[in-house]
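Visitor: Here you go, one structure.
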Amino acid sequence: MPLPLPIRVESERVQTRPLDAADIEDLLLANGDDEVTRFLPYASWRSVDDGMAWLERMQKLESAGTGTQLVVVERASGKAIGTCLLFRYEEASARAELGYVLARRCWGRGYLLEALSALISQLFGSRALRRLEAEVNPDNVASCRLLEHLGFQNEGLLRQRWTGKGASYDTRFYGLLADEWPAAPEPRAAVRHAAQR
């Protein structure tokens, strides 16, 4: 059974919804920025064709039932400003891994904090998941801080876990349980958000 997700999650300034091919041009501004993709396992997009190849990979992931790629849209402009990936879904354990990307022009404005808070509330509130996980390069301080603001616990360091872009690197492993998630999360201080990994 595929990962059960709400179709659309609304919050004050952003909405999170399924990815569409029409979003690729907007997302090129994020994924084509070397500073944004610095900690991601893939190279920066150089064209819309790169984005379409990525979209095809995301559609295969969704078809396999192990994950789904969502887009974060700024409500004021209607533009896609980032993405949230839920992947490595395991139905029997009701858990999945979380990844995210945000365009640099939106860093420091609390958009990802807002989007992820609303999404996590839906996932845990509907009982679709009981655990979320995330792996982050320890050098990605902004991403670690974001997860900690959301209540994720640092569960350990995995040494030389991944190899990418010509180097091996450690990851911090984070986990968040549905039992730990507040029914109505208090507003949290905005943090400068960078892409995970």
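Residue numbering restarts at 1 in every chain; chains get A, B, ... in the order shown in the structure tokens, and ligands count up from 1 in that same order.
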Give me, as a list in words, all polymer residues having an atom no more than 9 Å from Thr83 (chain A), counting only C-alpha atoms and skipping those fewer than 2 positions away in the same chain.
Guide: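 Returned residues: Thr16, Leu19, Leu27, Gln69, Leu70, Val71, Val72, Val73, Ala80, Ile81, Leu85, Gly99, Tyr100, Val101 and Leu102 of chain A.
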Visitor: With a distance cut-off of 12 Å and only C-alpha atoms, select the neighbouring residues of Lys165 (chain A), excluding the residue or stretch itself and same-chain residues fewer than 6 positions from it, and output the selection as an MDAnalysis selection string.
Guide: chainID A and resid 34 37:44 197
Visitor: Which residues are close to Glu133 (chain A), i.e. within 7 Å by only C-alpha atoms, leaving aside same-chain residues fewer than 5 positions away? Reply as a list of chain:residue names.
Guide: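 Contacts, with the query itself left out: A:Ala96, A:Glu97, A:Leu98, A:Tyr174, A:Gly175, A:Leu176.
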Visitor: Could you turn the residues from that selection into a file that holds N, CA, C and O atoms, as a PDB file, in the first residue's frame?
Guide:
ATOM      1  N   ALA A  96       8.713   6.640   7.964  1.00  0.00           N
ATOM      2  CA  ALA A  96       9.257   7.137   6.697  1.00  0.00           C
ATOM      3  C   ALA A  96      10.378   8.118   7.001  1.00  0.00           C
ATOM      4  O   ALA A  96      10.503   8.613   8.130  1.00  0.00           O
ATOM      5  N   GLU A  97      11.176   8.384   5.984  1.00  0.00           N
ATOM      6  CA  GLU A  97      12.264   9.355   6.106  1.00  0.00           C
ATOM      7  C   GLU A  97      11.844  10.657   5.441  1.00  0.00           C
ATOM      8  O   GLU A  97      11.085  10.656   4.465  1.00  0.00           O
ATOM      9  N   LEU A  98      12.341  11.753   5.969  1.00  0.00           N
ATOM     10  CA  LEU A  98      11.982  13.086   5.505  1.00  0.00           C
ATOM     11  C   LEU A  98      13.193  13.779   4.896  1.00  0.00           C
ATOM     12  O   LEU A  98      14.294  13.730   5.447  1.00  0.00           O
ATOM     13  N   TYR A 174      18.291  11.536  12.919  1.00  0.00           N
ATOM     14  CA  TYR A 174      17.252  12.145  13.746  1.00  0.00           C
ATOM     15  C   TYR A 174      15.971  11.327  13.680  1.00  0.00           C
ATOM     16  O   TYR A 174      15.656  10.733  12.641  1.00  0.00           O
ATOM     17  N   GLY A 175      15.208  11.325  14.781  1.00  0.00           N
ATOM     18  CA  GLY A 175      13.924  10.649  14.813  1.00  0.00           C
ATOM     19  C   GLY A 175      12.897  11.462  15.582  1.00  0.00           C
ATOM     20  O   GLY A 175      13.228  12.190  16.528  1.00  0.00           O
ATOM     21  N   LEU A 176      11.645  11.328  15.156  1.00  0.00           N
ATOM     22  CA  LEU A 176      10.527  11.993  15.824  1.00  0.00           C
ATOM     23  C   LEU A 176       9.364  11.013  15.866  1.00  0.00           C
ATOM     24  O   LEU A 176       8.996  10.436  14.845  1.00  0.00           O
TER      25      LEU A 176
END
Visitor: Restricting the calculation to only C-alpha atoms: of A:Gln15, A:Ser143, A:Ser121, A:Gln153, which residue gets closest to Ser77 (chain A)?
Guide: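 Using only C-alpha atoms, Ser77 (chain A) sits closest to A:Gln15.
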Visitor: Pick from A:Ala92, A:Leu158, A:Ala53, A:Leu61: nearest to Ala134 (chain A), with only C-alpha atoms counted?
Guide: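 Looking at the shortest contact to Ala134 (chain A), the residue is A:Leu158.
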Visitor: Output as a PyMOL selection string all residues of chain A that backbone DSSP marks as strand (DSSP E or B).
Guide: chain A and resi 9-10+14-18+68-74+79-90+95-102+131-136+153-164+167-177
Visitor: For each of A:Ser11, A:Gln59, A:Pro2, A:Lys79, take the minimum atom-to-atom distance to Ala118 (chain A), counting only C-alpha atoms, then give the residue where this is smallest.
Guide: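 Answer, going by the shortest atom-to-atom distance: A:Ser11.
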Visitor: Pick the closest to Ala64 (chain A) from A:Leu123, A:Met52, A:Leu113, A:Leu3: which is it, counting only C-alpha atoms?
Guide: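 Smallest separation from Ala64 (chain A) among the options: A:Leu3.
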Visitor: Give me every alpha helix (DSSP H) residue in chain A, going by DSSP on the backbone, as number ranges by chain.
Guide: A: 24-31, 48-64, 111-125, 141-149
